Amino acid sequence: MLQFEKSKQLQELPKQFFASLVAKVHAITALGHDVINLGQGNPDQPTPEHIVKSLQGAAEKTINHKYSPFRGYQYLKDSAATFYEREYGVKLDPNSEIAILFGGKAGLVELPQCLLNPGDTILVPDPGYPDYLSGVVLAQAQIERMPLKEEHAFLPNYEEIHRDVLDQAKMMFLNYPNNPTGASASEDFFNETVSYAKEHSICVVHDFAYGAIGFNGKKPISFLQAEGAKDIGIEIYTLSKTYNMAGWRVGFAVGNKSVIEALELLQDHLYVSLFPAIQEAAATALLDSQACVEELVKVYENRRNTFIKGLQDIGWEVKAPEASFFAWLKIPPGFTSESFADHLLTHAHVAVAAGNGFGEFGEGYVRVGLLTSEERLKEAVERIRKLNLF
């Protein structure tokens with residue numbers, strides 16, 4: 001049988017960070033151990049019943065068995081516009097400022113290919129979501145990393161970025177609430193971002209995947225709430241986290257008309273939009289009661305409080321995240337991020353994600369997903385306590 005060589009672009013793609021984590025967890029579970037897996041970001045709660053029923057009803061309609069319009073049904077774009085105005089006070093033209101996506105990740109990987117030419121520069125947060133790099137490699141663009149440091153509240157410090165780099169950059173990824181750090185962004189920071197982006201002609205892509213999940217009564221703000229944000233960028237919203245619809249693969253991009261048009265043009269050549277029944281269910285999620293979202297945020301906040309207090313009680317000096325369903329924990333002396341994660345998995349059968357997997361400036365931390373019950377989180381704390389590390 002002939003063996004055909006992968007293209008250079010595929011060969012240059014970064015290794016899937018989470019694939020190696022899954023393999024390590026599988027190796028331990030294969031030995032018969034009960035692993036508490038806090039290493040991944042897969043929501044553990046079911047999709048709300050009213051959304052599932054909407055899908056079931058929509059799937060029975062024969063019109064939904066046909067091709068969707070290439071750019072999706074108008075009703076879903078209208079629903080997204082209604083959602084943004086209701087939740088954030090942001091008005092959007094559904095015809096020119098909204099693109100339907102096969103989940104948020106698809107848009108994030110597609111956008112560098114839409115806007116960048118080989119050799120162009122893009123600013124990427126470090127630590128950050130590993131798949132940002134995938135689209136950059138496929139676009140053959142150049143990466144400049146923006147350090148996210150604890151002393152700067154895990155926000156990029158634009159004053160530290162060399163002016164030549166800012167002048168060369170054509171695009172920037174941001175993500176608040178942040179994965180992996182759980183940090184939030186203020187309106188002042190977003191206003192500063194708009195100012196820098198306008199000055200240097202940079203397109204800002206804000207990944208708002210955890211936009212619904214804020215704690216202590218503070219709702220995360222949208223980048224588009226900053227004055228002038230639509231002039232220089234877009235925001236990616238996914239239903240995966242807000243409505244526990246990770247497996248449904250549905251999201252949307254909102255904002256700058258020229259970017260939305262480029263995104264839809266690329267998708268015209270890749271897809272014929274989403275299964276229409278999923279589009280109907282997504283519209284139901286966006287337009288119906290948001291009580292399910294409020295309940296979900298309470299679940300995550302209770303888990304956060306239980307887990308962080310438990311770790312503090314055993315002597316681990318950690319800080320509670322402001323938002324998202326992740327906790328970003330500084331590791332004890334004597335370990336690297338990876339060796340500490342391996343130590344917890346091997347000796348406590350608790351899986352966490354090593355911080356260096358999210359970038360150079362993730363070294364010294366591990367990321368925990370609050371995606372299991374409070375009882376299991378308490379058990380994880382107890383297992384860690386028995387290691388006598390603190």
# chains A, B, ... in the order shown; residues from 1 in each chain; ligands from 1
$ residues_around --residues "range 74-77 of chain A" --least-positions-apart "5" --cutoff "9 Å" --atoms "only C-alpha atoms" --output "ChimeraX atom specification"
/A:69,82,93-95,98-100,252,279-280,282-283,286
$ residues_around --residues "Asp188 in chain A" --least-positions-apart "4" --cutoff "9 Å" --atoms "only C-alpha atoms" --output "list in words"
Glu192, Thr193 and Ala226 of chain A
$ write_last_selection --atoms "N, CA and C atoms" --output "PDB file, in the first residue's frame"
ATOM      1  N   GLU A 192      -8.701  50.174  26.366  1.00  0.00           N
ATOM      2  CA  GLU A 192      -7.278  50.301  26.040  1.00  0.00           C
ATOM      3  C   GLU A 192      -6.930  49.455  24.820  1.00  0.00           C
ATOM      4  N   THR A 193      -7.501  48.244  24.767  1.00  0.00           N
ATOM      5  CA  THR A 193      -7.261  47.351  23.636  1.00  0.00           C
ATOM      6  C   THR A 193      -7.744  47.979  22.336  1.00  0.00           C
ATOM      7  N   ALA A 226     -17.135  47.704  24.611  1.00  0.00           N
ATOM      8  CA  ALA A 226     -16.176  48.813  24.555  1.00  0.00           C
ATOM      9  C   ALA A 226     -16.480  49.683  23.340  1.00  0.00           C
TER      10      ALA A 226
END
$ select_by_dssp --residues "range 64-95 of chain A" --states "helix (DSSP H, G or I)" --output "list in words"
Asn64, His65, Gln74, Tyr75, Leu76, Lys77, Asp78, Ser79, Ala80, Ala81, Thr82, Phe83, Tyr84, Glu85, Arg86, Glu87 and Tyr88 of chain A
$ write_last_selection --atoms "N, CA and C atoms" --output "mmCIF file, in the first residue's frame"
data_model
loop_
_atom_site.group_PDB
_atom_site.id
_atom_site.type_symbol
_atom_site.label_atom_id
_atom_site.label_comp_id
_atom_site.auth_asym_id
_atom_site.auth_seq_id
_atom_site.Cartn_x
_atom_site.Cartn_y
_atom_site.Cartn_z
ATOM 1 N N ASN A 64 -36.071 20.298 7.525
ATOM 2 C CA ASN A 64 -34.754 20.316 8.161
ATOM 3 C C ASN A 64 -33.856 19.171 7.704
ATOM 4 N N HIS A 65 -34.375 18.308 6.830
ATOM 5 C CA HIS A 65 -33.556 17.223 6.290
ATOM 6 C C HIS A 65 -32.838 17.658 5.015
ATOM 7 N N GLN A 74 -31.728 32.599 8.757
ATOM 8 C CA GLN A 74 -31.850 33.962 9.260
ATOM 9 C C GLN A 74 -32.327 33.987 10.703
ATOM 10 N N TYR A 75 -33.218 33.047 11.059
ATOM 11 C CA TYR A 75 -33.764 33.084 12.420
ATOM 12 C C TYR A 75 -32.684 32.887 13.476
ATOM 13 N N LEU A 76 -31.638 32.113 13.173
ATOM 14 C CA LEU A 76 -30.575 31.927 14.161
ATOM 15 C C LEU A 76 -29.736 33.197 14.295
ATOM 16 N N LYS A 77 -29.471 33.856 13.181
ATOM 17 C CA LYS A 77 -28.743 35.126 13.256
ATOM 18 C C LYS A 77 -29.568 36.175 14.002
ATOM 19 N N ASP A 78 -30.868 36.197 13.740
ATOM 20 C CA ASP A 78 -31.743 37.123 14.467
ATOM 21 C C ASP A 78 -31.727 36.821 15.960
ATOM 22 N N SER A 79 -31.722 35.534 16.306
ATOM 23 C CA SER A 79 -31.701 35.124 17.717
ATOM 24 C C SER A 79 -30.408 35.562 18.394
ATOM 25 N N ALA A 80 -29.285 35.429 17.672
ATOM 26 C CA ALA A 80 -28.000 35.855 18.227
ATOM 27 C C ALA A 80 -27.989 37.363 18.458
ATOM 28 N N ALA A 81 -28.586 38.112 17.527
ATOM 29 C CA ALA A 81 -28.655 39.563 17.689
ATOM 30 C C ALA A 81 -29.515 39.935 18.892
ATOM 31 N N THR A 82 -30.647 39.256 19.046
ATOM 32 C CA THR A 82 -31.519 39.500 20.204
ATOM 33 C C THR A 82 -30.796 39.167 21.499
ATOM 34 N N PHE A 83 -30.064 38.066 21.513
ATOM 35 C CA PHE A 83 -29.307 37.635 22.689
ATOM 36 C C PHE A 83 -28.280 38.696 23.092
ATOM 37 N N TYR A 84 -27.535 39.225 22.125
ATOM 38 C CA TYR A 84 -26.487 40.194 22.449
ATOM 39 C C TYR A 84 -27.063 41.512 22.946
ATOM 40 N N GLU A 85 -28.181 41.915 22.364
ATOM 41 C CA GLU A 85 -28.781 43.160 22.841
ATOM 42 C C GLU A 85 -29.352 42.979 24.247
ATOM 43 N N ARG A 86 -29.965 41.831 24.498
ATOM 44 C CA ARG A 86 -30.547 41.558 25.818
ATOM 45 C C ARG A 86 -29.473 41.416 26.888
ATOM 46 N N GLU A 87 -28.423 40.670 26.602
ATOM 47 C CA GLU A 87 -27.410 40.342 27.610
ATOM 48 C C GLU A 87 -26.360 41.433 27.777
ATOM 49 N N TYR A 88 -26.021 42.139 26.697
ATOM 50 C CA TYR A 88 -24.877 43.055 26.753
ATOM 51 C C TYR A 88 -25.192 44.468 26.276
#
$ residues_around --residues "Asp342 in chain A" --least-positions-apart "2" --cutoff "9 Å" --atoms "only C-alpha atoms" --output "ChimeraX atom specification"
/A:24,337-340,344-347,351-352,354
$ write_last_selection --atoms "all heavy atoms" --output "PDB file, in the first residue's frame"
ATOM      1  N   LYS A  24      -2.159   9.678  29.157  1.00  0.00           N
ATOM      2  CA  LYS A  24      -1.629   9.432  30.498  1.00  0.00           C
ATOM      3  C   LYS A  24      -2.729   8.964  31.450  1.00  0.00           C
ATOM      4  O   LYS A  24      -2.527   8.045  32.252  1.00  0.00           O
ATOM      5  CB  LYS A  24      -0.978  10.703  31.050  1.00  0.00           C
ATOM      6  CG  LYS A  24       0.344  11.073  30.400  1.00  0.00           C
ATOM      7  CD  LYS A  24       0.919  12.348  31.018  1.00  0.00           C
ATOM      8  CE  LYS A  24       2.245  12.728  30.391  1.00  0.00           C
ATOM      9  NZ  LYS A  24       2.826  13.955  31.003  1.00  0.00           N
ATOM     10  N   SER A 337       5.820  22.262  36.164  1.00  0.00           N
ATOM     11  CA  SER A 337       4.386  22.045  35.959  1.00  0.00           C
ATOM     12  C   SER A 337       4.097  20.608  35.558  1.00  0.00           C
ATOM     13  O   SER A 337       3.173  19.965  36.074  1.00  0.00           O
ATOM     14  CB  SER A 337       3.854  22.999  34.885  1.00  0.00           C
ATOM     15  OG  SER A 337       3.837  24.325  35.339  1.00  0.00           O
ATOM     16  N   GLU A 338       4.898  20.106  34.630  1.00  0.00           N
ATOM     17  CA  GLU A 338       4.637  18.758  34.131  1.00  0.00           C
ATOM     18  C   GLU A 338       4.952  17.696  35.180  1.00  0.00           C
ATOM     19  O   GLU A 338       4.196  16.734  35.343  1.00  0.00           O
ATOM     20  CB  GLU A 338       5.443  18.509  32.855  1.00  0.00           C
ATOM     21  CG  GLU A 338       4.992  17.272  32.106  1.00  0.00           C
ATOM     22  CD  GLU A 338       5.414  17.269  30.644  1.00  0.00           C
ATOM     23  OE1 GLU A 338       6.022  18.256  30.196  1.00  0.00           O
ATOM     24  OE2 GLU A 338       5.120  16.288  29.960  1.00  0.00           O
ATOM     25  N   SER A 339       6.051  17.860  35.903  1.00  0.00           N
ATOM     26  CA  SER A 339       6.394  16.845  36.907  1.00  0.00           C
ATOM     27  C   SER A 339       5.383  16.841  38.051  1.00  0.00           C
ATOM     28  O   SER A 339       5.073  15.781  38.610  1.00  0.00           O
ATOM     29  CB  SER A 339       7.810  17.061  37.446  1.00  0.00           C
ATOM     30  OG  SER A 339       7.900  18.239  38.239  1.00  0.00           O
ATOM     31  N   PHE A 340       4.834  18.028  38.378  1.00  0.00           N
ATOM     32  CA  PHE A 340       3.825  18.086  39.434  1.00  0.00           C
ATOM     33  C   PHE A 340       2.530  17.427  38.973  1.00  0.00           C
ATOM     34  O   PHE A 340       1.902  16.662  39.719  1.00  0.00           O
ATOM     35  CB  PHE A 340       3.569  19.534  39.840  1.00  0.00           C
ATOM     36  CG  PHE A 340       2.584  19.677  40.962  1.00  0.00           C
ATOM     37  CD1 PHE A 340       2.872  19.195  42.236  1.00  0.00           C
ATOM     38  CD2 PHE A 340       1.360  20.292  40.754  1.00  0.00           C
ATOM     39  CE1 PHE A 340       1.961  19.315  43.282  1.00  0.00           C
ATOM     40  CE2 PHE A 340       0.448  20.432  41.790  1.00  0.00           C
ATOM     41  CZ  PHE A 340       0.745  19.936  43.052  1.00  0.00           C
ATOM     42  N   LEU A 344       0.786  14.152  40.751  1.00  0.00           N
ATOM     43  CA  LEU A 344      -0.593  14.031  41.216  1.00  0.00           C
ATOM     44  C   LEU A 344      -1.305  12.855  40.561  1.00  0.00           C
ATOM     45  O   LEU A 344      -2.053  12.121  41.213  1.00  0.00           O
ATOM     46  CB  LEU A 344      -1.364  15.322  40.929  1.00  0.00           C
ATOM     47  CG  LEU A 344      -0.982  16.581  41.708  1.00  0.00           C
ATOM     48  CD1 LEU A 344      -1.961  17.713  41.386  1.00  0.00           C
ATOM     49  CD2 LEU A 344      -0.972  16.332  43.207  1.00  0.00           C
ATOM     50  N   LEU A 345      -1.058  12.658  39.286  1.00  0.00           N
ATOM     51  CA  LEU A 345      -1.725  11.567  38.584  1.00  0.00           C
ATOM     52  C   LEU A 345      -1.220  10.208  39.070  1.00  0.00           C
ATOM     53  O   LEU A 345      -2.013   9.296  39.327  1.00  0.00           O
ATOM     54  CB  LEU A 345      -1.492  11.704  37.074  1.00  0.00           C
ATOM     55  CG  LEU A 345      -2.145  10.640  36.194  1.00  0.00           C
ATOM     56  CD1 LEU A 345      -3.666  10.611  36.383  1.00  0.00           C
ATOM     57  CD2 LEU A 345      -1.801  10.874  34.721  1.00  0.00           C
ATOM     58  N   THR A 346       0.080  10.091  39.229  1.00  0.00           N
ATOM     59  CA  THR A 346       0.666   8.808  39.612  1.00  0.00           C
ATOM     60  C   THR A 346       0.366   8.435  41.054  1.00  0.00           C
ATOM     61  O   THR A 346       0.035   7.280  41.359  1.00  0.00           O
ATOM     62  CB  THR A 346       2.197   8.847  39.400  1.00  0.00           C
ATOM     63  OG1 THR A 346       2.473   9.153  38.036  1.00  0.00           O
ATOM     64  CG2 THR A 346       2.829   7.514  39.772  1.00  0.00           C
ATOM     65  N   HIS A 347       0.456   9.410  41.961  1.00  0.00           N
ATOM     66  CA  HIS A 347       0.380   9.095  43.395  1.00  0.00           C
ATOM     67  C   HIS A 347      -0.966   9.413  44.043  1.00  0.00           C
ATOM     68  O   HIS A 347      -1.297   8.830  45.082  1.00  0.00           O
ATOM     69  CB  HIS A 347       1.501   9.821  44.134  1.00  0.00           C
ATOM     70  CG  HIS A 347       2.872   9.434  43.670  1.00  0.00           C
ATOM     71  ND1 HIS A 347       3.439   8.212  43.943  1.00  0.00           N
ATOM     72  CD2 HIS A 347       3.784  10.108  42.911  1.00  0.00           C
ATOM     73  CE1 HIS A 347       4.645   8.133  43.399  1.00  0.00           C
ATOM     74  NE2 HIS A 347       4.875   9.280  42.758  1.00  0.00           N
ATOM     75  N   ALA A 351      -5.998  13.931  37.959  1.00  0.00           N
ATOM     76  CA  ALA A 351      -5.441  14.475  36.715  1.00  0.00           C
ATOM     77  C   ALA A 351      -5.677  15.976  36.641  1.00  0.00           C
ATOM     78  O   ALA A 351      -6.803  16.449  36.829  1.00  0.00           O
ATOM     79  CB  ALA A 351      -6.073  13.790  35.505  1.00  0.00           C
ATOM     80  N   VAL A 352      -4.614  16.725  36.384  1.00  0.00           N
ATOM     81  CA  VAL A 352      -4.684  18.162  36.142  1.00  0.00           C
ATOM     82  C   VAL A 352      -3.875  18.446  34.880  1.00  0.00           C
ATOM     83  O   VAL A 352      -3.086  17.613  34.430  1.00  0.00           O
ATOM     84  CB  VAL A 352      -4.137  18.981  37.334  1.00  0.00           C
ATOM     85  CG1 VAL A 352      -4.944  18.710  38.596  1.00  0.00           C
ATOM     86  CG2 VAL A 352      -2.656  18.683  37.571  1.00  0.00           C
ATOM     87  N   ALA A 354      -0.936  20.399  32.992  1.00  0.00           N
ATOM     88  CA  ALA A 354       0.300  21.134  33.259  1.00  0.00           C
ATOM     89  C   ALA A 354       0.258  22.501  32.588  1.00  0.00           C
ATOM     90  O   ALA A 354      -0.101  22.622  31.408  1.00  0.00           O
ATOM     91  CB  ALA A 354       1.498  20.339  32.756  1.00  0.00           C
TER      92      ALA A 354
END
$ residues_around --residues "Gly39 in chain A" --least-positions-apart "3" --cutoff "10 Å" --atoms "only C-alpha atoms" --output "list of chain:residue names"
A:Phe18, A:Leu21, A:Val22, A:Val25, A:Ile36, A:Asn42, A:Phe326, A:Ala341, A:Val350, A:Ala351, A:Val352, A:Ala353, A:Ala354, A:Val366, A:Arg367, A:Val368, A:Gly369, A:Leu370, A:Leu371
$ closest_residue --among "A:Glu360, A:Asp164, A:Glu375, A:Glu264" --to "Pro127 in chain A" --atoms "only C-alpha atoms"
A:Glu360
$ atom_distance --atom1 "CA of Pro180 in chain A" --atom2 "CA of Ala323 in chain A"
10.6 Å
$ atom_distance --atom1 "CA of Tyr210 in chain A" --atom2 "CA of Ile384 in chain A"
27.7 Å
$ atom_distance --atom1 "CA of Leu55 in chain A" --atom2 "CA of Ala281 in chain A"
5.0 Å
$ residues_around --residues "range 134-139 of chain A" --least-positions-apart "4" --cutoff "6 Å" --atoms "only C-alpha atoms" --output "number ranges by chain"
A: 9, 109, 112-113
$ write_last_selection --atoms "N, CA and C atoms" --output "short mmCIF file (atom, residue, chain, number, x, y, z; two decimals), in the first residue's frame"
data_model
loop_
_atom_site.label_atom_id
_atom_site.label_comp_id
_atom_site.auth_asym_id
_atom_site.auth_seq_id
_atom_site.Cartn_x
_atom_site.Cartn_y
_atom_site.Cartn_z
N GLN A 9 2.07 21.81 5.83
CA GLN A 9 1.25 22.50 6.82
C GLN A 9 0.78 21.55 7.92
N VAL A 109 -9.93 28.81 14.50
CA VAL A 109 -8.94 28.22 13.59
C VAL A 109 -9.07 28.82 12.19
N PRO A 112 -7.45 33.14 11.28
CA PRO A 112 -6.14 33.50 10.74
C PRO A 112 -6.03 33.21 9.24
N GLN A 113 -6.72 32.17 8.78
CA GLN A 113 -6.69 31.85 7.35
C GLN A 113 -7.50 32.87 6.55
#
